[in-house]
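J.: What follows is the file start.csv, containing CSV, C-alpha atoms:
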```
chain,number,residue,atom,x,y,z
C,1,MET,CA,-33.8,14.6,-0.2
C,2,SER,CA,-32.9,13.3,3.2
C,3,ASP,CA,-29.7,11.8,4.7
C,4,ASP,CA,-31.6,8.6,4.7
C,5,ASP,CA,-32.0,8.8,0.9
C,6,ALA,CA,-28.2,9.3,0.5
C,7,GLU,CA,-27.5,6.3,2.7
C,8,LEU,CA,-30.1,4.1,1.0
C,9,VAL,CA,-28.6,4.9,-2.4
C,10,ALA,CA,-25.1,4.2,-1.1
C,11,LEU,CA,-26.3,0.9,0.3
C,12,ILE,CA,-27.7,-0.1,-3.1
C,13,ASP,CA,-24.5,0.9,-4.7
C,14,ASN,CA,-22.5,-1.1,-2.1
C,15,ALA,CA,-20.7,2.1,-1.2
C,16,LEU,CA,-21.4,2.3,2.5
C,17,ASP,CA,-18.8,1.6,5.1
C,18,GLU,CA,-19.4,-1.3,7.4
C,19,SER,CA,-20.6,0.6,10.4
C,20,PRO,CA,-23.3,2.8,8.8
C,21,ARG,CA,-24.2,-0.2,6.6
C,22,THR,CA,-24.9,-2.4,9.6
C,23,ALA,CA,-26.9,0.4,11.3
C,24,LEU,CA,-28.9,1.1,8.2
C,25,LEU,CA,-29.7,-2.6,7.7
C,26,ALA,CA,-30.9,-2.8,11.3
C,27,ARG,CA,-33.2,0.2,10.7
C,28,LEU,CA,-34.5,-1.3,7.4
C,29,ALA,CA,-35.4,-4.4,9.2
C,30,ALA,CA,-37.6,-2.4,11.6
C,31,ASP,CA,-38.9,0.3,9.4
C,32,GLU,CA,-41.5,-0.4,6.7
C,33,ARG,CA,-41.5,3.1,5.3
C,34,LEU,CA,-37.7,3.0,5.0
C,35,ARG,CA,-37.9,-0.3,3.2
C,36,GLN,CA,-40.4,1.2,0.7
C,37,ARG,CA,-38.0,4.0,0.0
C,38,TYR,CA,-35.2,1.6,-0.4
C,39,GLU,CA,-37.3,-0.3,-3.0
C,40,GLU,CA,-38.1,2.9,-4.8
C,41,PHE,CA,-34.5,3.7,-5.2
C,42,ARG,CA,-33.5,0.1,-6.0
C,43,ARG,CA,-36.0,0.0,-8.9
C,44,THR,CA,-34.2,2.9,-10.6
C,45,SER,CA,-30.9,1.0,-11.0
C,46,ALA,CA,-31.7,-1.1,-14.1
C,47,PRO,CA,-33.5,1.7,-16.0
C,48,LEU,CA,-30.7,4.1,-15.2
C,49,ALA,CA,-28.0,1.8,-16.5
C,50,ALA,CA,-30.1,1.0,-19.6
C,51,ALA,CA,-30.7,4.6,-20.4
C,52,LEU,CA,-27.0,5.5,-20.1
C,53,ASP,CA,-26.1,2.5,-22.3
C,54,GLU,CA,-28.7,3.8,-24.8
C,55,LEU,CA,-27.0,7.1,-24.9
C,56,LEU,CA,-23.7,5.5,-25.7
C,57,THR,CA,-25.2,3.9,-28.8
C,58,GLN,CA,-26.2,7.3,-30.1
C,59,ALA,CA,-22.6,8.6,-30.3
C,60,PRO,CA,-21.9,9.6,-33.9
C,61,LEU,CA,-18.8,7.4,-34.2
C,62,ALA,CA,-18.2,7.9,-37.9
C,63,ARG,CA,-18.2,11.7,-37.5
C,64,LEU,CA,-16.1,11.6,-34.4
C,65,ARG,CA,-13.5,9.3,-36.0
C,66,ALA,CA,-13.3,11.7,-38.9
C,67,LEU,CA,-12.6,14.6,-36.5
C,68,LEU,CA,-9.6,12.8,-35.0
C,69,PRO,CA,-6.3,14.5,-35.9
C,70,PRO,CA,-4.0,12.5,-38.1
C,71,ASP,CA,-1.7,10.1,-36.3
C,72,GLU,CA,1.6,11.8,-36.8
C,73,PRO,CA,4.2,13.5,-34.7
C,74,LEU,CA,3.1,16.9,-33.5
C,75,ARG,CA,3.7,20.1,-35.4
C,76,GLN,CA,3.4,23.4,-33.7
C,77,PRO,CA,0.2,23.3,-31.6
C,78,SER,CA,-0.8,26.8,-32.7
C,79,ARG,CA,-0.9,25.8,-36.4
C,80,ARG,CA,-2.8,22.6,-35.6
C,81,PHE,CA,-5.3,24.5,-33.5
C,82,ALA,CA,-5.9,27.1,-36.3
C,83,GLY,CA,-7.6,24.5,-38.5
C,84,LEU,CA,-10.1,23.3,-36.0
C,85,ALA,CA,-13.8,23.9,-35.8
C,86,LEU,CA,-13.1,25.0,-32.3
C,87,ARG,CA,-11.1,27.9,-33.3
C,88,ASP,CA,-13.7,30.3,-32.0
C,89,LEU,CA,-13.4,29.0,-28.5
C,90,ALA,CA,-11.6,30.9,-25.9
C,91,ALA,CA,-7.9,31.1,-26.7
C,92,GLY,CA,-5.1,31.0,-24.2
C,93,PHE,CA,-6.4,28.0,-22.4
C,94,VAL,CA,-4.3,26.6,-19.6
C,95,ILE,CA,-4.9,23.0,-19.2
C,96,GLY,CA,-6.1,23.2,-15.6
C,97,LEU,CA,-7.2,19.6,-15.0
C,98,LEU,CA,-9.2,19.8,-11.8
C,99,VAL,CA,-7.8,18.4,-8.6
C,100,ALA,CA,-9.7,15.6,-9.3
C,101,GLY,CA,-8.9,14.5,-12.6
C,102,ALA,CA,-5.3,14.8,-12.2
C,103,ALA,CA,-5.3,13.2,-8.8
C,104,ALA,CA,-7.6,10.4,-9.8
C,105,TRP,CA,-5.4,8.9,-12.5
C,106,ALA,CA,-2.2,9.8,-10.8
C,107,ALA,CA,-3.2,8.4,-7.4
C,108,SER,CA,-4.6,5.2,-8.8
C,109,THR,CA,-1.7,4.4,-11.0
C,110,PHE,CA,1.6,5.5,-9.5
C,111,GLY,CA,3.1,2.1,-10.1
C,112,PHE,CA,5.3,3.5,-12.8
C,113,PHE,CA,7.3,5.5,-10.4
C,114,GLY,CA,10.2,4.1,-8.5
C,115,GLY,CA,8.8,3.0,-5.2
C,116,LYS,CA,8.2,4.6,-1.8
C,117,GLU,CA,10.9,7.2,-2.1
C,118,ASP,CA,9.5,8.6,-5.3
C,119,TRP,CA,6.3,10.0,-4.0
C,120,ARG,CA,7.6,13.5,-4.8
C,121,SER,CA,7.7,12.5,-8.5
C,122,ALA,CA,4.1,11.4,-8.4
C,123,VAL,CA,3.1,14.6,-6.7
C,124,THR,CA,5.1,16.6,-9.3
C,125,VAL,CA,3.2,14.9,-12.1
C,126,TYR,CA,-0.2,15.9,-11.0
C,127,THR,CA,0.8,19.3,-9.6
C,128,ASN,CA,2.0,20.1,-13.1
C,129,MET,CA,-1.6,20.0,-14.2
C,130,TYR,CA,-2.9,22.5,-11.7
C,131,SER,CA,-3.7,25.9,-13.2
C,132,ASN,CA,-4.9,29.2,-11.7
C,133,GLU,CA,-8.4,27.9,-12.3
C,134,THR,CA,-8.0,24.6,-10.5
C,135,PHE,CA,-8.5,25.7,-6.9
C,136,SER,CA,-9.5,29.4,-7.1
C,137,PRO,CA,-13.3,28.7,-7.2
C,138,LEU,CA,-13.0,26.8,-3.9
C,139,LYS,CA,-13.6,29.1,-1.0
C,140,PRO,CA,-14.4,27.1,2.1
C,141,ASP,CA,-15.5,29.0,5.2
C,142,ALA,CA,-13.6,28.6,8.5
C,143,SER,CA,-15.7,25.8,9.8
C,144,LEU,CA,-15.4,23.7,6.7
C,145,GLN,CA,-11.6,24.4,6.6
C,146,ALA,CA,-11.4,23.0,10.2
C,147,ILE,CA,-13.4,20.0,9.3
C,148,GLU,CA,-11.4,19.2,6.2
C,149,LEU,CA,-8.1,19.7,8.0
C,150,SER,CA,-9.1,17.7,11.0
C,151,ALA,CA,-10.2,14.8,8.7
C,152,LEU,CA,-7.0,14.9,6.7
C,153,GLY,CA,-4.9,15.2,9.8
C,154,ALA,CA,-6.5,12.1,11.3
C,155,LYS,CA,-5.6,10.2,8.1
C,156,VAL,CA,-2.0,11.2,8.0
C,157,GLY,CA,-1.5,11.3,11.8
C,158,VAL,CA,-0.7,15.0,12.1
C,159,ASN,CA,-2.7,17.5,14.1
C,160,LEU,CA,-3.8,20.2,11.6
C,161,THR,CA,-5.9,23.3,12.1
C,162,PRO,CA,-6.5,26.4,9.9
C,163,GLU,CA,-4.1,28.3,12.1
C,164,SER,CA,-1.3,25.7,11.9
C,165,VAL,CA,-1.3,25.5,8.1
C,166,ALA,CA,-2.0,29.2,7.5
C,167,LEU,CA,0.6,30.8,5.1
C,168,PRO,CA,1.3,34.4,4.5
C,169,GLY,CA,-0.1,35.7,1.2
C,170,LEU,CA,-2.0,32.5,0.5
C,171,ARG,CA,-5.6,31.4,1.0
C,172,PHE,CA,-6.6,27.9,1.9
C,173,ALA,CA,-8.6,26.3,-0.9
C,174,VAL,CA,-9.2,22.6,-0.2
C,175,ALA,CA,-7.7,19.6,1.6
C,176,PHE,CA,-8.1,16.2,0.1
C,177,MET,CA,-6.7,12.7,0.5
C,178,LEU,CA,-4.8,10.6,-2.0
C,179,ALA,CA,-2.6,7.5,-1.4
C,180,TYR,CA,0.9,6.6,-2.7
C,181,ASP,CA,2.1,3.1,-2.6
C,182,GLY,CA,-0.3,2.3,0.2
C,183,ALA,CA,0.6,5.3,2.3
C,184,PRO,CA,-2.0,8.0,3.0
C,185,LEU,CA,-1.1,11.2,1.2
C,186,GLY,CA,-2.9,14.4,2.2
C,187,VAL,CA,-2.9,17.5,0.0
C,188,ILE,CA,-3.6,20.9,1.3
C,189,ALA,CA,-4.1,23.4,-1.6
C,190,TYR,CA,-3.7,27.1,-1.3
C,191,VAL,CA,-4.0,29.9,-3.9
C,192,ASP,CA,-2.3,33.2,-4.1
C,193,PRO,CA,-4.4,36.3,-5.0
C,194,SER,CA,-4.0,35.5,-8.7
C,195,GLY,CA,-5.3,32.0,-8.1
C,196,ALA,CA,-1.9,30.4,-8.6
C,197,PRO,CA,-1.8,27.1,-6.7
C,198,VAL,CA,0.6,26.1,-3.9
C,199,ALA,CA,0.3,22.7,-2.3
C,200,LEU,CA,1.4,21.2,1.0
C,201,CYS,CA,1.5,17.5,0.9
C,202,ILE,CA,1.9,15.2,3.9
C,203,ILE,CA,2.5,11.5,3.6
C,204,ALA,CA,2.6,8.9,6.3
C,205,ASN,CA,5.5,7.0,4.9
C,206,ASP,CA,7.4,6.0,8.0
C,207,ALA,CA,10.4,7.9,6.6
C,208,PRO,CA,13.3,8.6,9.0
C,209,ASP,CA,13.6,12.2,10.2
C,210,ALA,CA,15.4,14.3,7.6
C,211,PRO,CA,16.2,18.0,7.4
C,212,MET,CA,14.7,20.2,4.9
C,213,ARG,CA,15.9,19.9,1.3
C,214,SER,CA,14.8,21.7,-1.9
C,215,GLU,CA,15.0,21.3,-5.6
C,216,ARG,CA,13.6,22.5,-8.9
C,217,ARG,CA,11.7,20.1,-11.2
C,218,GLY,CA,10.7,21.9,-14.4
C,219,ASP,CA,9.0,25.1,-13.3
C,220,LEU,CA,8.1,23.7,-10.0
C,221,SER,CA,10.0,24.3,-6.7
C,222,LEU,CA,9.9,21.6,-4.1
C,223,ALA,CA,10.9,21.9,-0.4
C,224,TRP,CA,10.5,18.9,1.9
C,225,TRP,CA,11.4,17.4,5.2
C,226,SER,CA,10.5,14.4,7.4
C,227,ARG,CA,9.7,14.1,11.0
C,228,GLY,CA,7.9,11.5,13.1
C,229,GLY,CA,7.4,9.1,10.2
C,230,ARG,CA,5.7,11.8,8.1
C,231,SER,CA,7.2,13.6,5.2
C,232,ARG,CA,6.0,17.1,4.2
C,233,LEU,CA,6.4,18.8,0.9
C,234,VAL,CA,5.7,22.3,-0.3
C,235,ILE,CA,5.4,22.4,-4.1
C,236,ALA,CA,4.4,25.2,-6.4
C,237,ARG,CA,5.4,27.3,-9.4
C,238,ILE,CA,7.3,29.8,-7.3
C,239,PRO,CA,11.0,30.5,-6.8
C,240,GLU,CA,12.8,27.9,-4.8
C,241,GLU,CA,13.7,30.3,-2.0
C,242,ARG,CA,10.0,31.1,-1.6
C,243,ALA,CA,9.1,27.4,-1.4
C,244,VAL,CA,11.8,26.9,1.3
C,245,ALA,CA,10.5,30.0,3.2
C,246,LEU,CA,6.9,28.6,3.2
C,247,ALA,CA,8.2,25.2,4.2
C,248,GLN,CA,10.2,26.7,7.1
C,249,THR,CA,7.1,28.5,8.3
C,250,LEU,CA,5.2,25.2,8.3
C,251,GLU,CA,8.0,23.2,9.8
C,252,LYS,CA,7.6,25.2,13.1
C,253,ARG,CA,4.0,24.2,13.4
C,254,ILE,CA,3.3,20.8,11.9
M,1,MET,CA,7.5,14.1,-26.0
M,2,SER,CA,7.8,10.5,-25.1
M,3,GLU,CA,6.9,8.3,-28.0
M,4,ALA,CA,5.5,5.7,-25.7
M,5,SER,CA,3.1,8.3,-24.2
M,6,ARG,CA,2.1,9.5,-27.6
M,7,ARG,CA,1.4,6.0,-28.9
M,8,GLU,CA,-0.6,5.1,-25.8
M,9,VAL,CA,-2.7,8.2,-25.9
M,10,ARG,CA,-3.2,7.9,-29.6
M,11,ALA,CA,-4.3,4.3,-29.2
M,12,GLY,CA,-6.7,5.2,-26.4
M,13,LEU,CA,-8.6,7.8,-28.3
M,14,GLU,CA,-10.7,5.8,-30.7
M,15,PRO,CA,-11.9,3.3,-28.1
M,16,SER,CA,-12.9,6.1,-25.9
M,17,LEU,CA,-14.8,8.2,-28.5
M,18,ALA,CA,-18.3,7.1,-27.7
M,19,ARG,CA,-17.9,7.4,-23.9
M,20,LEU,CA,-16.3,10.8,-24.3
M,21,TRP,CA,-19.2,11.9,-26.5
M,22,ARG,CA,-21.7,10.7,-23.9
M,23,TYR,CA,-19.9,12.6,-21.2
M,24,ALA,CA,-19.7,15.7,-23.3
M,25,LEU,CA,-23.4,15.5,-24.2
M,26,VAL,CA,-24.4,15.0,-20.5
M,27,LEU,CA,-22.4,18.1,-19.6
M,28,SER,CA,-23.3,20.3,-22.5
M,29,LYS,CA,-26.8,19.1,-23.4
M,30,ALA,CA,-26.0,20.0,-27.0
M,31,ARG,CA,-25.0,17.5,-29.6
M,32,ASP,CA,-22.9,19.8,-31.7
M,33,THR,CA,-21.1,21.1,-28.7
M,34,ALA,CA,-20.5,17.4,-27.7
M,35,ASP,CA,-18.8,16.8,-31.0
M,36,ASP,CA,-16.6,19.8,-30.7
M,37,LEU,CA,-15.8,19.0,-27.1
M,38,VAL,CA,-14.7,15.5,-28.0
M,39,GLN,CA,-12.6,16.8,-30.9
M,40,ALA,CA,-10.9,19.4,-28.7
M,41,THR,CA,-10.3,16.7,-26.0
M,42,CYS,CA,-8.5,14.5,-28.5
M,43,LEU,CA,-6.4,17.3,-29.8
M,44,ARG,CA,-5.4,18.5,-26.4
M,45,ALA,CA,-4.6,14.9,-25.3
M,46,ILE,CA,-2.2,14.5,-28.2
M,47,GLU,CA,-0.6,17.9,-27.6
M,48,ARG,CA,-0.2,17.0,-23.9
M,49,ALA,CA,0.6,13.4,-24.3
M,50,ASP,CA,4.0,13.9,-22.6
M,51,GLN,CA,2.0,14.5,-19.4
M,52,PHE,CA,0.3,11.1,-19.7
M,53,ALA,CA,2.0,8.4,-17.7
M,54,PRO,CA,2.2,5.2,-19.8
M,55,GLY,CA,0.5,2.3,-18.2
M,56,THR,CA,-2.2,4.4,-16.5
M,57,ARG,CA,-5.8,4.7,-17.6
M,58,VAL,CA,-6.1,6.8,-20.8
M,59,ASP,CA,-9.8,7.0,-20.5
M,60,ARG,CA,-9.8,8.6,-17.1
M,61,TRP,CA,-7.1,11.0,-18.3
M,62,LEU,CA,-9.2,11.9,-21.3
M,63,PHE,CA,-12.3,12.4,-19.1
M,64,ALA,CA,-10.4,14.9,-17.0
M,65,ILE,CA,-9.2,16.8,-20.0
M,66,LEU,CA,-12.7,16.9,-21.4
M,67,ARG,CA,-14.1,18.2,-18.2
M,68,SER,CA,-11.4,20.8,-17.9
M,69,ILE,CA,-12.1,22.1,-21.5
M,70,TRP,CA,-15.8,22.2,-20.7
M,71,LEU,CA,-15.4,24.1,-17.5
M,72,ASN,CA,-12.6,26.4,-18.5
M,73,GLU,CA,-13.3,27.1,-22.2
M,74,ILE,CA,-16.8,26.3,-23.5
M,75,ARG,CA,-19.0,26.7,-20.4
M,76,SER,CA,-17.2,29.8,-19.2
M,77,GLN,CA,-17.4,31.3,-22.7
M,78,ARG,CA,-21.1,30.8,-22.8
M,79,ILE,CA,-21.5,32.5,-19.4
M,80,ARG,CA,-19.2,35.4,-20.5
M,81,GLU,CA,-21.3,35.9,-23.6
M,82,GLY,CA,-24.3,36.3,-21.3
M,83,GLY,CA,-26.3,33.5,-22.9
M,84,GLY,CA,-26.1,31.2,-19.9
M,85,PHE,CA,-27.5,27.9,-20.9
M,86,VAL,CA,-30.2,26.9,-23.2
M,87,ASP,CA,-32.5,24.8,-21.1
M,88,ALA,CA,-32.8,22.0,-23.6
M,89,GLU,CA,-34.9,19.6,-21.6
M,90,ASP,CA,-34.9,17.0,-24.3
M,91,ALA,CA,-31.3,17.3,-25.3
M,92,LEU,CA,-30.5,13.7,-24.5
M,93,THR,CA,-33.5,12.3,-26.3
M,94,THR,CA,-33.6,14.4,-29.5
M,95,ASP,CA,-30.9,15.4,-31.9
M,96,GLY,CA,-32.6,18.6,-33.0
M,97,ALA,CA,-35.0,17.7,-35.8
M,98,ARG,CA,-35.9,14.1,-34.9
M,99,GLU,CA,-36.7,12.1,-31.9
M,100,ILE,CA,-34.1,9.4,-31.3
M,101,GLU,CA,-35.7,6.0,-31.5
M,102,MET,CA,-35.4,4.3,-28.2
M,103,ASN,CA,-37.6,2.4,-25.8
M,104,ILE,CA,-40.1,4.4,-23.8
M,105,THR,CA,-38.4,3.7,-20.4
M,106,ALA,CA,-35.0,4.8,-21.6
M,107,ALA,CA,-36.4,8.0,-23.1
M,108,ALA,CA,-38.3,8.8,-19.9
M,109,VAL,CA,-35.2,8.2,-17.8
M,110,LEU,CA,-33.1,10.4,-20.1
M,111,ARG,CA,-35.6,13.2,-20.0
M,112,ALA,CA,-35.5,13.0,-16.2
M,113,ILE,CA,-31.7,13.2,-16.3
M,114,ASP,CA,-32.0,16.1,-18.6
M,115,ARG,CA,-33.9,18.1,-16.0
M,116,LEU,CA,-31.3,17.5,-13.3
M,117,PRO,CA,-28.7,20.2,-12.5
M,118,GLU,CA,-25.4,19.7,-14.3
M,119,ALA,CA,-23.5,18.5,-11.2
M,120,GLN,CA,-26.1,15.8,-10.6
M,121,ARG,CA,-26.1,14.7,-14.3
M,122,GLU,CA,-22.3,14.5,-14.3
M,123,THR,CA,-22.1,12.6,-11.1
M,124,ILE,CA,-24.7,10.1,-12.3
M,125,LEU,CA,-22.8,9.6,-15.5
M,126,LEU,CA,-19.5,9.0,-13.9
M,127,VAL,CA,-20.8,6.6,-11.2
M,128,TYR,CA,-23.5,4.7,-13.1
M,129,GLY,CA,-22.2,5.1,-16.6
M,130,GLU,CA,-18.5,5.0,-16.1
M,131,GLY,CA,-18.2,2.9,-13.0
M,132,TYR,CA,-16.3,5.4,-10.9
M,133,SER,CA,-16.5,4.5,-7.2
M,134,TYR,CA,-17.9,7.2,-4.9
M,135,ALA,CA,-14.3,8.0,-3.8
M,136,GLU,CA,-13.1,8.2,-7.4
M,137,ALA,CA,-15.9,10.5,-8.3
M,138,ALA,CA,-15.3,12.7,-5.3
M,139,VAL,CA,-11.7,13.1,-6.4
M,140,ALA,CA,-12.6,13.6,-10.1
M,141,LEU,CA,-15.1,16.3,-9.3
M,142,GLY,CA,-13.2,17.8,-6.4
M,143,VAL,CA,-16.0,17.5,-3.9
M,144,PRO,CA,-16.5,15.5,-0.7
M,145,ILE,CA,-17.9,12.0,-0.8
M,146,GLY,CA,-21.0,13.2,1.0
M,147,THR,CA,-21.7,15.5,-1.9
M,148,ILE,CA,-21.5,12.6,-4.3
M,149,MET,CA,-23.9,10.7,-2.1
M,150,SER,CA,-26.4,13.7,-2.1
M,151,ARG,CA,-26.2,14.2,-5.8
M,152,LEU,CA,-26.8,10.5,-6.6
M,153,ALA,CA,-29.7,10.3,-4.2
M,154,ALA,CA,-31.2,13.5,-5.6
M,155,GLY,CA,-30.9,12.1,-9.1
M,156,ARG,CA,-32.3,8.7,-8.1
M,157,ALA,CA,-35.2,10.4,-6.3
M,158,ALA,CA,-36.1,12.2,-9.5
M,159,LEU,CA,-36.1,8.9,-11.4
M,160,ALA,CA,-38.1,7.2,-8.6
M,161,ARG,CA,-40.8,9.8,-9.2
M,162,LEU,CA,-41.2,8.7,-12.8
M,163,LYS,CA,-43.8,6.0,-12.7
```
Can the structure from this file be put into C-alpha cells for me?

T.:
Amino acid sequence: MSDDDAELVALIDNALDESPRTALLARLAADERLRQRYEEFRRTSAPLAAALDELLTQAPLARLRALLPPDEPLRQPSRRFAGLALRDLAAGFVIGLLVAGAAAWAASTFGFFGGKEDWRSAVTVYTNMYSNETFSPLKPDASLQAIELSALGAKVGVNLTPESVALPGLRFAVAFMLAYDGAPLGVIAYVDPSGAPVALCIIANDAPDAPMRSERRGDLSLAWWSRGGRSRLVIARIPEERAVALAQTLEKRI
Amino acid sequence: MSEASRREVRAGLEPSLARLWRYALVLSKARDTADDLVQATCLRAIERADQFAPGTRVDRWLFAILRSIWLNEIRSQRIREGGGFVDAEDALTTDGAREIEMNITAAAVLRAIDRLPEAQRETILLVYGEGYSYAEAAVALGVPIGTIMSRLAAGRAALARLK
C-alpha cells in the first residue's frame, strides 16, 4: 500500500484537503496507471457499503431487545451486574473511554455548556472518562512527540517542544486537537507510572491575561492561567496543590 | 443521576441496537460475543447515564462505551487467558452452523473484511458503515488521520483484489 493509495482513497471519500486534492487531480490527469488505481478503489465503494448494510440486517434484534435491562431507576450496579450473562467477564472495570470516544462526542457537542468561558467544564466532562488504561498504551518515541507537539503548537499558536512540556514524574503519551466553540483546543496527555492520566489543555480563546487559579471539580483538580490570548489548564485526579505545582512548572515555559 | 440524561440514554438504546451489534461483530468476529458486548454496553450506558450530556449524540457515546468494554474487558481477558483470537475467517458470513443468505458480492466483501486486521476492520466500519469523517474516526480511535487513511486504503486494496 503506497501513499498514493491512501490519497486516492481519501480523494474518493472527499476527505482530502484542497492543496493535496488539487495536486492529486493534476497527477491523475497525466498518469494513466494512477487513474487505473483510482478506478480500482472507486469500484469498491458501492459493494463495501452494501456489504456493511447487509451485516446490519443480520442483527438479532429480538434477542438484543430481550437483553435490554428494564427501564427503571437504577438499583445498586453490583446487584444488577450479578444477573448478567457477562458476569464471567473481568470485574473491576474502569470505564476508560478512549481519548477518542470521549473527545469525539464531547468536542462535537459542547453546545450545552455555557459559552466560551465554560471550556473548562467541557474538558472536565471528558477528562472524567479517562482511566489508567486510556493513555498508558501510547508510547511515542522522541521524534513522534516532537512532531505531535509541533503540529498542536501550530494550531493553538504556542511553541511546544518535548522539553518545554516535560513534567517531573510524568511521561508524555499523546497530543491531539479538539475544538471548543470554534476555538482550537489542544490536549497534551501524560501518564504517571501507574498509568493515571494528567492532561495539559491549551485553547486559543483570545482570553485576557489572567493569573493562575485552581479549583476542585469532583475528584479532578484544575489549575489554569491565561497569557497571550491562550488559556492553559492542567487537569487530573491529583491533589489540587500538585496540579498547581505542575501548572507553575509549565507556566515558566509555555 | 440526571433524569434527563437517563431518559435520553434509555431512548437511544433500542434504535442503536443493530448498529452496536454490527460494530461488536466486526470487532469480536464472534456472534455470541457480539450479543454479550451489546448487552454490556447498554447496561454500562444506563449505569453511567449521568456522564452523558443531554442533547449530544447517544449513538457515538454508546459506540465509545462498546469499544472501551471490548478493549478493556473482553479482548484483554481473551489475551490474558492465552487463547488469543480464534481466526474465524468467515465470522461475518456465517453464524456457526449455517451460511447467512446474502448475495454473492456482499458475502465476498465480508469475507475480505474478515481477513483484515482488527484495526482496519474497525476503521472501515466507522467510516463507511457509520459515516464518521476521517477526523472523527481519528479522534474516536486515538490515532492520527494519516493512520486512518492508511487503514482505509489497505482495506480497500484488499477489496479491489477481489474480482

J.: Taking only C-alpha atoms into account, which of M:Ala154, M:Ala106, M:Ala4, M:Ala119 comes nearest Leu8 in chain C?

T.: M:Ala154

J.: Using all atoms listed in the file, pick whichever of M:Ile65, M:Leu126, M:Ala153, M:Leu141 has the shortest atom-to-atom distance to Arg22 in chain M.

T.: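 Checking each of M:Ile65, M:Leu126, M:Ala153, M:Leu141 against Arg22 in chain M, counting all atoms listed in the file, the winner is M:Leu126.
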
J.: Would you mind listing what lies within 12 Å of Gly12 in chain M as an mmCIF file with C-alpha atoms, in the frame of the given file, with only C-alpha atoms counted and same-chain residues fewer than 4 positions away left out?

T.:
```
data_model
loop_
_atom_site.group_PDB
_atom_site.id
_atom_site.type_symbol
_atom_site.label_atom_id
_atom_site.label_comp_id
_atom_site.auth_asym_id
_atom_site.auth_seq_id
_atom_site.Cartn_x
_atom_site.Cartn_y
_atom_site.Cartn_z
ATOM 1 C CA LEU C 68 -9.600 12.800 -35.000
ATOM 2 C CA SER M 5 3.100 8.300 -24.200
ATOM 3 C CA ARG M 6 2.100 9.500 -27.600
ATOM 4 C CA ARG M 7 1.400 6.000 -28.900
ATOM 5 C CA GLU M 8 -0.600 5.100 -25.800
ATOM 6 C CA SER M 16 -12.900 6.100 -25.900
ATOM 7 C CA LEU M 17 -14.800 8.200 -28.500
ATOM 8 C CA ALA M 18 -18.300 7.100 -27.700
ATOM 9 C CA ARG M 19 -17.900 7.400 -23.900
ATOM 10 C CA LEU M 20 -16.300 10.800 -24.300
ATOM 11 C CA CYS M 42 -8.500 14.500 -28.500
ATOM 12 C CA ALA M 45 -4.600 14.900 -25.300
ATOM 13 C CA ILE M 46 -2.200 14.500 -28.200
ATOM 14 C CA ALA M 49 0.600 13.400 -24.300
ATOM 15 C CA PHE M 52 0.300 11.100 -19.700
ATOM 16 C CA PRO M 54 2.200 5.200 -19.800
ATOM 17 C CA GLY M 55 0.500 2.300 -18.200
ATOM 18 C CA THR M 56 -2.200 4.400 -16.500
ATOM 19 C CA ARG M 57 -5.800 4.700 -17.600
ATOM 20 C CA VAL M 58 -6.100 6.800 -20.800
ATOM 21 C CA ASP M 59 -9.800 7.000 -20.500
ATOM 22 C CA ARG M 60 -9.800 8.600 -17.100
ATOM 23 C CA TRP M 61 -7.100 11.000 -18.300
ATOM 24 C CA LEU M 62 -9.200 11.900 -21.300
ATOM 25 C CA PHE M 63 -12.300 12.400 -19.100
#
```

J.: Restricting the calculation to only C-alpha atoms, which member of C:Glu54, C:Glu163, C:Glu251, C:Asp17 is positioned closest to Gly129 in chain M?

T.: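 Residue with the minimum atom-to-atom distance to Gly129 in chain M: C:Glu54.
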
J.: Just checking: using all atoms listed in the file, which residue out of C:Leu144, C:Ala154, C:Leu24, C:Ala50 ends up closest to chain M?

T.: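 Looking at the shortest contact to chain M, the residue is C:Ala50.
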
J.: Using all atoms listed in the file for the distances, tell me which of C:Arg213, C:Arg230, C:Arg63, C:Arg253 is nearest to chain M.

T.: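 Closest to chain M, using all atoms listed in the file: C:Arg63.
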
J.: One decimal, in Å: what's the spacing between CA of Gln248 in chain C and CA of Ala207 in chain C?

T.: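 CA of Ala207 in chain C lies at a distance of 18.8 Å from CA of Gln248 in chain C.
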
J.: Using Å and a single decimal, report how far CA of Pro137 in chain C sits from CA of Val127 in chain M.

T.: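 Going from CA of Val127 in chain M over to CA of Pro137 in chain C covers 23.7 Å.
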
J.: Taking all atoms of range 131-141 of chain C that the file lists and extending 5 Å past them on each side, where is the centre of the axis-aligned box and how long are its edges? Answer in Å to one decimal, as JSON.

T.:
```
{"center_x": -9.6, "center_y": 27.0, "center_z": -4.0, "size_x": 21.8, "size_y": 14.8, "size_z": 28.4}
```

J.: So what do you get for CA of Thr161 in chain C versus CA of Tyr180 in chain C, distance-wise?

T.: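 Computed distance, CA of Thr161 in chain C to CA of Tyr180 in chain C, equals 23.3 Å.
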
J.: Would you mind listing what lies within 6 Å of Leu185 in chain C as a PyMOL selection string, with only C-alpha atoms counted and same-chain residues fewer than 2 positions away left out?

T.: chain C and resi 177-179+202-203

J.: So, with all atoms listed in the file as the atoms that count, which of C:Ala175, C:Ile12, C:Leu48, C:Ile147 lies closest to chain M?

T.: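 Looking only at the distances to chain M, the closest residue turns out to be C:Leu48.
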
J.: Please write as a PyMOL selection string the list of polymer residues whose atoms come within 12 Å of (-39.4, 2.9, -20.4), counting all atoms listed in the file and keeping to the coordinates of the file.

T.: (chain C and resi 44+46-48+50-51+54) or (chain M and resi 102-112+159+162-163)

J.: Can you find the residues with an atom no farther than 12 Å from (-10.8, 20.9, 10.2), counting only C-alpha atoms, and report them as JSON, numbers by chain?

T.: {"C": [140, 141, 142, 143, 144, 145, 146, 147, 148, 149, 150, 151, 152, 153, 154, 158, 159, 160, 161, 162, 163, 164, 165, 172, 174, 175, 176, 188]}

J.: Could you list, as a ChimeraX atom specification, every residue within 12 Å of Leu250 in chain C, counting only C-alpha atoms and ignoring same-chain residues fewer than 3 positions away?

T.: /C:160-168,199-202,212,223-225,232-234,243-247,253-254
